[in-house]
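First up is the structure itself, then whatever we jot down about it.
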Amino acid sequence: MPQNLKNKAPKPTVAIVGIGRWGKNLIREFDKLTKISACCNRGNKQEIEWMKKNYPGIKLTTDYTSLLKDKSINALVIATPIRTHFELARKALEAGKNVFVEKPLTNDVSKAKKLVLLAKTKKRLLFVGHTFVYHEITEKLKKLLANEDAISCYFNWNKLGSFHEDILWNLACHDIAVISYLLGRPTKLSIINSNGFISPSDIISIKGSSGKNKNFFININRVSNIKNKTAVIITKKNCFIWENDELYSLDRSGNIKKIYKTAKTPLELECSNFVESLKQQKNALSNGAFGLAVVETLAKIKQPSR
């Protein structure tokens, strides 16, 4: 097909479920890539006012069932609290919809398995929003580590907020997904430190291993006034330093140089990947099976001894 005709293909029609902080980000991205026919929330007045101001042409509803019955909708994009993921995704798949659900897929292994099986049975796409897997630096590291094996990795994340969700399932989930993609599925994990201030756990440290002699450490602090996300990946030859949207290489002589800076946001790339998957009806990197593997890994993390 000629390229100019490809570009004129109709945009997929989607509906967004959840208009919270992250739901708003998804609306911004999917508005560029798709036709958003409706957004669904529970009637929050501030969210409704935000929609009327920024996207007055998009229909608002509190009736989720109406979205399931709408045959024009190709996919539902679910950005709601973790505890609601299973039921919303299950109903969408049963109604024959393709599904984009925010990470994690669920916080229960058996429920995650049911969703993966249901998507397969219904022959529908199940996409899990593991955003950092689509980060340009994740892909750059994937290529670099194909030529030199990682020995150890150190992930550090300082931020403020998201106290309403469990730190393990909501935040550590990101790093587990990236580690799974870069190093292989983690085999041993344990929490070595956990402290709470606003929630039961706001500062957490995890250690684990993935494959042969590939150790990693994850440190997350969500009561920090400084926002910063970094990772250090050590190989026999180099030390790769990932700092927010830049990647550096440090050699054993102490020479450091910037080797990559991102051009697009991971959310932009993630949403584009989902839309392409819709158009081609092909599974994406963060498909249901990938999401299930992350859920299984998180469920096996050993809690610290009391």
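Following the order of the structure tokens, first chain is A, next is B, and so on, with residues numbered from 1 inside each chain and ligands from 1 in the order they appear.
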
Fill in: Contacts of Phe290 (chain A) within 12 Å, only C-alpha atoms, excl. fewer than 3 positions in-chain, as a list in words
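Contacts, in chain order: Lys103, Pro104, Leu105, Ala112, Lys113, Val116, Leu126, Phe127, Val128, Gly129, His130, Val133, Ile176, Ala177, Val178, Ser180, Tyr181, Gly184, Arg185, Asn283, Ala284, Leu285, Ser286, Asn287, Ala293, Val294, Val295, Glu296 and Thr297 of chain A.
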
Go ahead and write the selection's residues with C-alpha atoms as a PDB file, in the first residue's frame.
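Written file, again.pdb:
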```pdb
ATOM      1  CA  LYS A 103       0.345  -1.568  35.349  1.00  0.00           C
ATOM      2  CA  PRO A 104       0.245  -3.857  37.156  1.00  0.00           C
ATOM      3  CA  LEU A 105      -2.176  -6.091  35.308  1.00  0.00           C
ATOM      4  CA  ALA A 112      -3.922 -12.113  36.025  1.00  0.00           C
ATOM      5  CA  LYS A 113      -3.892 -15.626  34.558  1.00  0.00           C
ATOM      6  CA  VAL A 116      -4.501 -13.599  29.840  1.00  0.00           C
ATOM      7  CA  LEU A 126      -4.343  -7.289  26.251  1.00  0.00           C
ATOM      8  CA  PHE A 127      -1.736  -4.570  26.725  1.00  0.00           C
ATOM      9  CA  VAL A 128      -0.231  -3.628  30.109  1.00  0.00           C
ATOM     10  CA  GLY A 129       1.072  -0.105  30.651  1.00  0.00           C
ATOM     11  CA  HIS A 130       4.624  -0.841  31.785  1.00  0.00           C
ATOM     12  CA  VAL A 133       9.860  -0.692  29.216  1.00  0.00           C
ATOM     13  CA  ILE A 176      10.839  -5.211  37.953  1.00  0.00           C
ATOM     14  CA  ALA A 177       9.448  -4.844  34.430  1.00  0.00           C
ATOM     15  CA  VAL A 178      12.625  -3.146  33.152  1.00  0.00           C
ATOM     16  CA  SER A 180      12.770  -8.550  33.360  1.00  0.00           C
ATOM     17  CA  TYR A 181      13.217  -7.082  29.880  1.00  0.00           C
ATOM     18  CA  GLY A 184      15.602 -11.863  32.160  1.00  0.00           C
ATOM     19  CA  ARG A 185      12.932 -12.785  34.648  1.00  0.00           C
ATOM     20  CA  ASN A 283       0.773  -8.486  20.546  1.00  0.00           C
ATOM     21  CA  ALA A 284       3.072  -5.789  21.885  1.00  0.00           C
ATOM     22  CA  LEU A 285       6.130  -6.114  24.108  1.00  0.00           C
ATOM     23  CA  SER A 286       4.126  -5.511  27.285  1.00  0.00           C
ATOM     24  CA  ASN A 287       1.353  -7.929  26.404  1.00  0.00           C
ATOM     25  CA  ALA A 293       5.165 -12.528  34.562  1.00  0.00           C
ATOM     26  CA  VAL A 294       5.646  -9.223  36.422  1.00  0.00           C
ATOM     27  CA  VAL A 295       2.683 -10.013  38.701  1.00  0.00           C
ATOM     28  CA  GLU A 296       4.104 -13.469  39.429  1.00  0.00           C
ATOM     29  CA  THR A 297       7.497 -11.948  40.248  1.00  0.00           C
TER      30      THR A 297
END
```

Fill in: Which of region 80-224 of chain A fall in alpha helix (DSSP H), as a PyMOL selection string
chain A and resi 85-94+109-122+136-145+167+173-183

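Nearest residue to Lys261 (chain A) among A:Phe240, A:Tyr248, A:Trp22, A:Trp169 is A:Tyr248, counting only C-alpha atoms.
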
Practice prompt. Enter the distance from CA of Ile203 (chain A) to CA of Cys239 (chain A), in Å, rounded to one decimal.
Written response: 25.8 Å

Fill in: Two-atom distance - CA of Gly43 (chain A), CA of Ser199 (chain A) (Å)
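CA of Ser199 (chain A) lies at a distance of 26.5 Å from CA of Gly43 (chain A).
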
Worksheet item: With only C-alpha atoms as the atoms that count, which of A:Gln281, A:Ser152, A:Asn170, A:Asn193 lies nearest to Asn213 (chain A)?
Response: A:Ser152
